[in-house]
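Okay, input.pdb now, which holds PDB, C-alpha atoms and all ligand atoms:
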MODEL        1
ATOM      1  CA  MET B   9     -17.763  14.419  32.326
ATOM      2  CA  ALA B  10     -16.537  10.882  31.622
ATOM      3  CA  GLU B  11     -18.239  10.974  28.227
ATOM      4  CA  GLN B  12     -16.676  14.298  27.217
ATOM      5  CA  TYR B  13     -14.505  12.526  24.641
ATOM      6  CA  LEU B  14     -17.680  11.886  22.627
ATOM      7  CA  ASP B  15     -17.721  15.610  21.783
ATOM      8  CA  GLU B  16     -14.308  15.351  20.096
ATOM      9  CA  ARG B  17     -14.607  16.650  16.550
ATOM     10  CA  GLY B  18     -12.927  15.312  13.459
ATOM     11  CA  ARG B  19     -13.194  15.392   9.686
ATOM     12  CA  ILE B  20     -14.578  12.502   7.656
ATOM     13  CA  PHE B  21     -15.461  12.164   3.985
ATOM     14  CA  ASP B  22     -17.699   9.101   3.988
ATOM     15  CA  ILE B  23     -19.397   6.427   6.065
ATOM     16  CA  GLN B  24     -20.146   3.134   4.313
ATOM     17  CA  ARG B  25     -22.543   0.692   5.912
ATOM     18  CA  TYR B  26     -22.899  -3.049   5.208
ATOM     19  CA  SER B  27     -19.306  -3.630   4.142
ATOM     20  CA  ILE B  28     -18.043  -7.199   4.162
ATOM     21  CA  HIS B  29     -14.423  -6.154   3.637
ATOM     22  CA  ASP B  30     -11.905  -4.556   5.963
ATOM     23  CA  GLY B  31     -12.444  -6.722   9.014
ATOM     24  CA  ALA B  32     -14.654  -9.565  10.241
ATOM     25  CA  GLY B  33     -18.387  -9.798   9.568
ATOM     26  CA  ILE B  34     -20.609  -6.949   8.423
ATOM     27  CA  ARG B  35     -18.994  -3.589   9.148
ATOM     28  CA  THR B  36     -19.472   0.138   8.978
ATOM     29  CA  ILE B  37     -16.436   1.869   7.520
ATOM     30  CA  VAL B  38     -15.701   5.420   8.621
ATOM     31  CA  PHE B  39     -13.364   7.260   6.239
ATOM     32  CA  LEU B  40     -11.254   9.968   7.861
ATOM     33  CA  LYS B  41      -9.817  12.796   5.846
ATOM     34  CA  GLY B  42      -6.082  13.447   5.605
ATOM     35  CA  CYS B  43      -3.087  11.306   4.701
ATOM     36  CA  VAL B  44       0.667  11.748   4.964
ATOM     37  CA  LEU B  45       1.420   9.662   1.880
ATOM     38  CA  ARG B  46       0.695  10.394  -1.767
ATOM     39  CA  CYS B  47       0.650   6.914  -3.316
ATOM     40  CA  LYS B  48       0.524   7.210  -7.086
ATOM     41  CA  TRP B  49      -2.164   4.500  -7.330
ATOM     42  CA  CYS B  50      -4.371   5.810  -4.468
ATOM     43  CA  CYS B  51      -8.039   5.044  -5.195
ATOM     44  CA  ASN B  52      -9.238   7.628  -2.659
ATOM     45  CA  PRO B  53      -7.412  10.800  -3.752
ATOM     46  CA  GLU B  54     -10.155  12.848  -2.087
ATOM     47  CA  SER B  55      -8.903  11.465   1.236
ATOM     48  CA  GLN B  56      -5.395  12.828   0.956
ATOM     49  CA  GLU B  57      -5.890  16.524   1.766
ATOM     50  CA  TYR B  58      -7.228  17.354   5.219
ATOM     51  CA  ALA B  59      -8.893  20.453   3.759
ATOM     52  CA  VAL B  60     -12.541  20.285   2.691
ATOM     53  CA  GLN B  61     -12.578  20.102  -1.119
ATOM     54  CA  THR B  62     -14.982  20.225  -4.004
ATOM     55  CA  MET B  63     -14.816  17.309  -6.428
ATOM     56  CA  LEU B  64     -16.791  16.935  -9.632
ATOM     57  CA  VAL B  65     -18.804  13.699  -9.543
ATOM     58  CA  GLN B  66     -20.517  12.900 -12.859
ATOM     59  CA  GLY B  67     -20.113  16.580 -13.749
ATOM     60  CA  LYS B  68     -21.701  17.885 -10.548
ATOM     61  CA  PRO B  69     -19.746  19.545  -7.711
ATOM     62  CA  LYS B  70     -19.692  17.588  -4.463
ATOM     63  CA  VAL B  71     -18.254  18.843  -1.178
ATOM     64  CA  ILE B  72     -15.762  16.319   0.234
ATOM     65  CA  GLY B  73     -15.191  16.549   3.950
ATOM     66  CA  GLN B  74     -17.499  17.086   6.884
ATOM     67  CA  ASP B  75     -16.750  17.974  10.496
ATOM     68  CA  VAL B  76     -18.558  15.712  12.939
ATOM     69  CA  THR B  77     -18.392  14.654  16.581
ATOM     70  CA  VAL B  78     -17.579  11.160  17.762
ATOM     71  CA  ARG B  79     -21.095  10.946  19.178
ATOM     72  CA  GLU B  80     -22.608  11.662  15.743
ATOM     73  CA  VAL B  81     -20.472   9.046  14.009
ATOM     74  CA  LEU B  82     -21.277   6.423  16.628
ATOM     75  CA  GLU B  83     -25.001   7.087  16.287
ATOM     76  CA  THR B  84     -24.727   6.076  12.631
ATOM     77  CA  VAL B  85     -22.474   3.120  13.376
ATOM     78  CA  GLU B  86     -24.835   1.817  16.040
ATOM     79  CA  ARG B  87     -27.768   1.564  13.628
ATOM     80  CA  ASP B  88     -26.454  -1.772  12.417
ATOM     81  CA  ARG B  89     -25.762  -3.320  15.795
ATOM     82  CA  THR B  90     -28.020  -6.300  14.975
ATOM     83  CA  TYR B  91     -25.906  -7.161  11.930
ATOM     84  CA  TYR B  92     -22.683  -6.835  13.913
ATOM     85  CA  ARG B  93     -23.966  -9.173  16.603
ATOM     86  CA  ARG B  94     -24.971 -11.833  14.105
ATOM     87  CA  SER B  95     -21.840 -11.591  11.970
ATOM     88  CA  GLY B  96     -19.107 -10.621  14.439
ATOM     89  CA  GLY B  97     -18.800  -7.269  12.650
ATOM     90  CA  GLY B  98     -18.370  -3.736  13.937
ATOM     91  CA  MET B  99     -16.672  -0.476  13.031
ATOM     92  CA  THR B 100     -13.599  -0.032  10.819
ATOM     93  CA  LEU B 101     -11.662   3.216  10.509
ATOM     94  CA  SER B 102     -10.177   3.929   7.115
ATOM     95  CA  GLY B 103      -9.035   6.927   5.125
ATOM     96  CA  GLY B 104      -6.743   8.535   4.403
ATOM     97  CA  GLU B 105      -4.680   7.666   7.422
ATOM     98  CA  SER B 106      -6.815   7.749  10.553
ATOM     99  CA  LEU B 107      -3.773   8.444  12.704
ATOM    100  CA  CYS B 108      -3.505  11.926  11.122
ATOM    101  CA  GLN B 109      -6.382  12.847  13.470
ATOM    102  CA  PRO B 110      -5.089  11.162  16.622
ATOM    103  CA  ALA B 111      -7.553  12.430  19.250
ATOM    104  CA  PHE B 112     -10.590  11.821  17.008
ATOM    105  CA  CYS B 113      -9.343   8.386  15.982
ATOM    106  CA  GLU B 114      -8.725   7.349  19.586
ATOM    107  CA  ALA B 115     -12.107   8.653  20.735
ATOM    108  CA  LEU B 116     -13.964   6.852  17.924
ATOM    109  CA  LEU B 117     -12.311   3.542  18.760
ATOM    110  CA  ARG B 118     -12.856   4.029  22.482
ATOM    111  CA  GLY B 119     -16.517   4.906  21.926
ATOM    112  CA  ALA B 120     -17.106   1.837  19.769
ATOM    113  CA  LYS B 121     -15.386  -0.454  22.288
ATOM    114  CA  GLU B 122     -17.358   1.007  25.183
ATOM    115  CA  ARG B 123     -20.541   0.217  23.242
ATOM    116  CA  GLY B 124     -19.442  -3.393  22.836
ATOM    117  CA  LEU B 125     -18.581  -3.172  19.127
ATOM    118  CA  THR B 126     -15.545  -4.781  17.536
ATOM    119  CA  THR B 127     -13.032  -2.347  16.063
ATOM    120  CA  ALA B 128     -10.608  -2.450  13.164
ATOM    121  CA  MET B 129      -8.377   0.172  11.566
ATOM    122  CA  GLU B 130      -6.876   0.301   8.107
ATOM    123  CA  SER B 131      -3.621   2.246   8.405
ATOM    124  CA  MET B 132      -0.010   2.236   7.277
ATOM    125  CA  ALA B 133       1.274   3.175  10.733
ATOM    126  CA  CYS B 134       2.907   6.357   9.506
ATOM    127  CA  ALA B 135       2.781   8.211  12.811
ATOM    128  CA  GLU B 136       4.843   8.662  15.942
ATOM    129  CA  TRP B 137       4.713   5.642  18.232
ATOM    130  CA  ARG B 138       3.154   7.685  21.060
ATOM    131  CA  VAL B 139       0.118   8.232  18.774
ATOM    132  CA  ILE B 140      -0.233   4.557  17.847
ATOM    133  CA  GLU B 141       0.255   3.438  21.432
ATOM    134  CA  ARG B 142      -2.793   5.421  22.515
ATOM    135  CA  VAL B 143      -5.221   3.750  20.095
ATOM    136  CA  LEU B 144      -4.071   0.148  20.572
ATOM    137  CA  PRO B 145      -6.041  -0.514  23.775
ATOM    138  CA  TYR B 146      -9.268   0.146  21.829
ATOM    139  CA  LEU B 147      -8.376  -1.787  18.702
ATOM    140  CA  ASP B 148      -9.213  -5.434  17.954
ATOM    141  CA  THR B 149      -7.701  -5.701  14.467
ATOM    142  CA  TYR B 150      -4.962  -3.597  12.891
ATOM    143  CA  LEU B 151      -5.121  -3.945   9.081
ATOM    144  CA  MET B 152      -1.655  -2.609   8.359
ATOM    145  CA  ASP B 153      -0.530  -1.678   4.869
ATOM    146  CA  ILE B 154       3.044  -2.659   4.168
ATOM    147  CA  LYS B 155       3.721  -1.625   0.622
ATOM    148  CA  HIS B 156       7.388  -2.366   0.135
ATOM    149  CA  THR B 157      10.540  -3.242   2.059
ATOM    150  CA  ASP B 158      12.811  -0.915   0.075
ATOM    151  CA  PRO B 159      12.726   2.637   1.579
ATOM    152  CA  ALA B 160      13.951   4.349  -1.606
ATOM    153  CA  LYS B 161      11.357   2.703  -3.842
ATOM    154  CA  HIS B 162       8.690   3.344  -1.240
ATOM    155  CA  GLU B 163       9.569   7.039  -1.295
ATOM    156  CA  ARG B 164       9.535   7.189  -5.090
ATOM    157  CA  PHE B 165       5.975   5.865  -5.303
ATOM    158  CA  THR B 166       4.392   7.225  -2.100
ATOM    159  CA  GLY B 167       6.398  10.337  -1.257
ATOM    160  CA  ARG B 168       7.791   8.944   2.038
ATOM    161  CA  ARG B 169      10.418   6.443   3.104
ATOM    162  CA  ASN B 170       9.094   3.523   5.156
ATOM    163  CA  GLU B 171      11.558   2.983   8.013
ATOM    164  CA  LEU B 172       9.169   4.494  10.595
ATOM    165  CA  MET B 173       6.275   2.332   9.361
ATOM    166  CA  LEU B 174       8.303  -0.892   9.478
ATOM    167  CA  GLU B 175       9.527  -0.008  12.975
ATOM    168  CA  ASN B 176       5.962   0.677  14.100
ATOM    169  CA  ALA B 177       4.822  -2.641  12.612
ATOM    170  CA  LYS B 178       7.351  -4.413  14.867
ATOM    171  CA  LYS B 179       6.196  -2.453  17.908
ATOM    172  CA  VAL B 180       2.494  -3.149  17.274
ATOM    173  CA  ALA B 181       3.279  -6.848  16.885
ATOM    174  CA  GLU B 182       5.396  -6.888  20.067
ATOM    175  CA  SER B 183       2.630  -5.149  22.032
ATOM    176  CA  GLY B 184       0.321  -8.148  21.502
ATOM    177  CA  LEU B 185      -2.627  -5.779  22.088
ATOM    178  CA  CYS B 186      -4.490  -6.491  18.854
ATOM    179  CA  GLU B 187      -4.578  -8.876  15.938
ATOM    180  CA  LEU B 188      -2.196  -7.593  13.259
ATOM    181  CA  ILE B 189      -3.006  -8.425   9.631
ATOM    182  CA  VAL B 190      -0.573  -7.256   6.954
ATOM    183  CA  ARG B 191      -2.006  -5.953   3.677
ATOM    184  CA  VAL B 192      -0.118  -5.303   0.486
ATOM    185  CA  PRO B 193      -1.484  -3.269  -2.407
ATOM    186  CA  VAL B 194      -0.100  -5.161  -5.396
ATOM    187  CA  VAL B 195       0.840  -2.548  -7.985
ATOM    188  CA  PRO B 196       2.625  -3.411 -11.257
ATOM    189  CA  THR B 197       5.866  -1.399 -11.737
ATOM    190  CA  PHE B 198       5.995  -0.848  -7.963
ATOM    191  CA  ASN B 199       5.977  -4.209  -6.164
ATOM    192  CA  ALA B 200       4.229  -6.857  -8.322
ATOM    193  CA  THR B 201       7.204  -9.171  -8.766
ATOM    194  CA  GLU B 202       7.686 -12.461  -6.928
ATOM    195  CA  GLY B 203      10.897 -11.180  -5.343
ATOM    196  CA  GLU B 204       9.307  -8.017  -3.955
ATOM    197  CA  ILE B 205       6.166  -9.762  -2.676
ATOM    198  CA  GLU B 206       8.295 -12.502  -1.099
ATOM    199  CA  GLY B 207      10.362  -9.836   0.664
ATOM    200  CA  ILE B 208       7.252  -8.223   2.152
ATOM    201  CA  ALA B 209       5.823 -11.634   3.095
ATOM    202  CA  ARG B 210       9.047 -12.590   4.900
ATOM    203  CA  PHE B 211       9.014  -9.318   6.800
ATOM    204  CA  ALA B 212       5.352  -9.901   7.747
ATOM    205  CA  ALA B 213       6.156 -13.418   8.968
ATOM    206  CA  SER B 214       8.963 -12.041  11.141
ATOM    207  CA  LEU B 215       6.416  -9.966  13.092
ATOM    208  CA  LYS B 216       5.326 -11.609  16.313
ATOM    209  CA  GLY B 217       1.860 -13.141  16.097
ATOM    210  CA  VAL B 218       1.183 -12.260  12.451
ATOM    211  CA  LYS B 219      -0.591 -15.105  10.669
ATOM    212  CA  LYS B 220      -2.421 -13.457   7.781
ATOM    213  CA  LEU B 221      -1.314 -11.572   4.690
ATOM    214  CA  HIS B 222      -3.765  -9.957   2.267
ATOM    215  CA  LEU B 223      -2.711  -9.164  -1.280
ATOM    216  CA  LEU B 224      -4.899  -6.384  -2.689
ATOM    217  CA  PRO B 225      -4.714  -6.119  -6.476
ATOM    218  CA  TYR B 226      -4.323  -2.634  -7.913
ATOM    219  CA  HIS B 227      -7.480  -1.369  -9.638
ATOM    220  CA  ARG B 228      -8.472   1.801 -11.458
ATOM    221  CA  LEU B 229     -11.747   2.549  -9.718
ATOM    222  CA  GLY B 230     -10.390   5.853  -8.423
ATOM    223  CA  GLN B 231      -9.353   7.193 -11.825
ATOM    224  CA  ASP B 232     -12.415   9.429 -12.380
ATOM    225  CA  LYS B 233     -11.900  11.053  -8.989
ATOM    226  CA  TYR B 234      -8.566  12.470 -10.141
ATOM    227  CA  GLU B 235     -10.306  14.160 -13.025
ATOM    228  CA  GLY B 236     -12.991  15.384 -10.636
ATOM    229  CA  LEU B 237     -10.305  16.975  -8.482
ATOM    230  CA  GLY B 238      -8.507  18.464 -11.490
ATOM    231  CA  ARG B 239      -5.504  16.199 -10.947
ATOM    232  CA  GLU B 240      -3.546  14.010 -13.285
ATOM    233  CA  TYR B 241      -3.871  10.222 -12.830
ATOM    234  CA  GLU B 242      -0.303   9.049 -13.021
ATOM    235  CA  CYS B 243      -1.126   5.328 -13.231
ATOM    236  CA  ARG B 244      -3.132   5.412 -16.455
ATOM    237  CA  HIS B 245      -0.441   3.296 -18.166
ATOM    238  CA  ILE B 246      -0.554   0.591 -15.481
ATOM    239  CA  LEU B 247      -2.706  -2.484 -16.125
ATOM    240  CA  PRO B 248      -4.288  -4.178 -13.099
ATOM    241  CA  PRO B 249      -2.721  -7.586 -12.379
ATOM    242  CA  ASP B 250      -4.818 -10.475 -13.734
ATOM    243  CA  ASN B 251      -5.978 -13.458 -11.682
ATOM    244  CA  ALA B 252      -3.150 -15.710 -12.849
ATOM    245  CA  GLN B 253      -0.528 -13.163 -11.810
ATOM    246  CA  MET B 254      -2.189 -12.680  -8.407
ATOM    247  CA  GLU B 255      -2.301 -16.458  -7.871
ATOM    248  CA  ARG B 256       1.412 -16.716  -8.740
ATOM    249  CA  LEU B 257       2.287 -13.934  -6.303
ATOM    250  CA  ALA B 258       0.119 -15.435  -3.569
ATOM    251  CA  ALA B 259       1.803 -18.825  -4.030
ATOM    252  CA  ALA B 260       5.234 -17.162  -3.852
ATOM    253  CA  ALA B 261       4.251 -15.323  -0.670
ATOM    254  CA  ARG B 262       3.004 -18.569   0.916
ATOM    255  CA  ARG B 263       6.207 -20.429   0.043
ATOM    256  CA  ALA B 264       8.387 -17.622   1.375
ATOM    257  CA  SER B 265       6.535 -16.985   4.625
ATOM    258  CA  GLY B 266       4.267 -19.883   5.574
ATOM    259  CA  LEU B 267       1.548 -17.277   6.239
ATOM    260  CA  ASP B 268      -2.139 -17.652   5.457
ATOM    261  CA  VAL B 269      -2.181 -15.566   2.240
ATOM    262  CA  GLN B 270      -5.427 -14.418   0.657
ATOM    263  CA  ILE B 271      -6.137 -12.333  -2.404
ATOM    264  CA  GLY B 272      -8.361  -9.388  -1.537
ATOM    265  CA  GLY B 273      -9.348  -7.955   1.814
TER     266      GLY B 273
HETATM  267  S1  LIG Q   1      -1.767   5.572   2.172
HETATM  268 FE1  LIG Q   1      -3.753   5.011   1.326
HETATM  269  S2  LIG Q   1      -5.012   6.859   1.466
HETATM  270 FE2  LIG Q   1      -2.867   7.496   1.723
HETATM  271  S3  LIG Q   1      -2.204   8.084  -0.307
HETATM  272 FE3  LIG Q   1      -1.631   5.932  -0.008
HETATM  273  S4  LIG Q   1      -3.328   4.744  -0.843
HETATM  274 FE4  LIG Q   1      -4.061   6.859  -0.557
ENDMDL
END

Give the structure from the file, written as structure tokens.
Ligand code: SF4
Amino acid sequence: MAEQYLDERGRIFDIQRYSIHDGAGIRTIVFLKGCVLRCKWCCNPESQEYAVQTMLVQGKPKVIGQDVTVREVLETVERDRTYYRRSGGGMTLSGGESLCQPAFCEALLRGAKERGLTTAMESMACAEWRVIERVLPYLDTYLMDIKHTDPAKHERFTGRRNELMLENAKKVAESGLCELIVRVPVVPTFNATEGEIEGIARFAASLKGVKKLHLLPYHRLGQDKYEGLGREYECRHILPPDNAQMERLAAAARRASGLDVQIGG
């Protein structure tokens, strides 16, 4: 009876083992389907719709989306327990936005914690607080995307204003229940100026307990997926920031916030 939550079903589109990004040590990343935002630069467009889709990959149709139980996901995650123990790794939830499947997300994190694994979640906190509050007790590290401080510009590039997300960032920080790391996708034409990055860095530094800021340079690795889904890639005119530009932005963020700023996740 107590383990009934392991039968909770949810929809994922990938599980990646042996990742050294998105949290400490060697990790297994579970990608949940569904997102409330529609960021123009999104490198996982197949994550956005909750519906199961067919995407052309190298000309061949591939079904994206699979319904699984928490128990099934954890069986895969647990295969690499030895690596987690040696490296301090564990399970990371990503997406999409994991919080779009609240019961599944909570049960996955709870299951991992109860098996002694460390947990992390990549999320932009675009959900009601009562949803976020339920997952925090099972979360070690919240990798929170904060993309901009300006609600109007945020809406223009992602489809949603960001007041709720910024408010949730404050509440997560105040809760003190997990480590909060702020991550910024650095996207030319959207936020890749010193002034905009400094603004985000200052906001991050104002959050209780936040010490780390990750700047994630925009890349085009998702471009082919748009074609595979029959969608237009709106960022084809945007060049990824070069190393010198990223170093300049990182230095500006450090000066403005005093945070430990790193390039990449
Ligand atoms: S929040 Fe992430 S997954 Fe959702 S649309 Fe934006 S980049 Fe894509």

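Residues matched by the PyMOL selection byres (((not hetatm)) within 8 of (chain Q and resi 1)) in this file: Gly42, Cys43, Val44, Leu45, Arg46, Cys47, Lys48, Trp49, Cys50, Cys51, Asn52, Pro53, Ser55, Gln56, Gly103, Gly104, Glu105, Ser131, Met132, Asp153 and Thr166 of chain B.
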
Counting all atoms listed in the file, what are the residues of region 130-239 of chain B within 12 Å of region 107-125 of chain B, and for each of them which pair of atoms is the nearest and at what distance in Å, to one decimal? Sort the table by chain and rising number, as a Markdown table.
| residue | atom | partner | partner_atom | distance |
| --- | --- | --- | --- | --- |
| B:Glu130 | CA | B:Leu107 | CA | 9.9 |
| B:Ser131 | CA | B:Leu107 | CA | 7.5 |
| B:Met132 | CA | B:Leu107 | CA | 9.1 |
| B:Ala133 | CA | B:Leu107 | CA | 7.6 |
| B:Cys134 | CA | B:Leu107 | CA | 7.7 |
| B:Ala135 | CA | B:Leu107 | CA | 6.6 |
| B:Glu136 | CA | B:Leu107 | CA | 9.2 |
| B:Trp137 | CA | B:Leu107 | CA | 10.5 |
| B:Arg138 | CA | B:Pro110 | CA | 10.0 |
| B:Val139 | CA | B:Pro110 | CA | 6.4 |
| B:Ile140 | CA | B:Leu107 | CA | 7.4 |
| B:Glu141 | CA | B:Glu114 | CA | 10.0 |
| B:Arg142 | CA | B:Glu114 | CA | 6.9 |
| B:Val143 | CA | B:Glu114 | CA | 5.0 |
| B:Leu144 | CA | B:Glu114 | CA | 8.6 |
| B:Pro145 | CA | B:Arg118 | CA | 8.3 |
| B:Tyr146 | CA | B:Arg118 | CA | 5.3 |
| B:Leu147 | CA | B:Leu117 | CA | 6.6 |
| B:Asp148 | CA | B:Lys121 | CA | 9.0 |
| B:Thr149 | CA | B:Leu117 | CA | 11.2 |
| B:Tyr150 | CA | B:Leu117 | CA | 11.8 |

Step by step, work through what the PyMOL selection byres (((chain B and resi 58) around 6) and not hetatm) selects in the shown file, and finish by giving those residues as a count of residues only. 4

Write out as a ChimeraX atom specification the residues lying within 10 Å of Ala128 (chain B), counting only C-alpha atoms and excluding same-chain residues fewer than 4 positions away. /B:30-32,35,37,97-102,117,146-151,186-188

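A straight line drawn from CA of Gly96 (chain B) to CA of Gly266 (chain B) is 26.7 Å long.
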
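For the atom pair formed by CA of Glu255 (chain B) and CA of Gly33 (chain B), the distance is 24.6 Å, given to one decimal.
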
What is the CA of Glu54 (chain B)-CA of Gln231 (chain B) distance in Å, reported with one decimal? 11.3 Å

Result set of the PyMOL selection byres (((chain B and resi 243) around 12) and not hetatm) on the coordinates above, as number ranges by chain: B: 47-51, 165, 195-198, 226-231, 234, 239-242, 244-248

Spatial neighbours of Asp75 (chain B), 10 Å, only C-alpha atoms, chain gap at least 6 places, as a PyMOL selection string: chain B and resi 17-21+41+60

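Among the candidates B:His29, B:Arg87, B:Arg93, B:Arg262, the residue lying nearest to Glu202 (chain B) is B:Arg262 (atoms considered: all atoms listed in the file).
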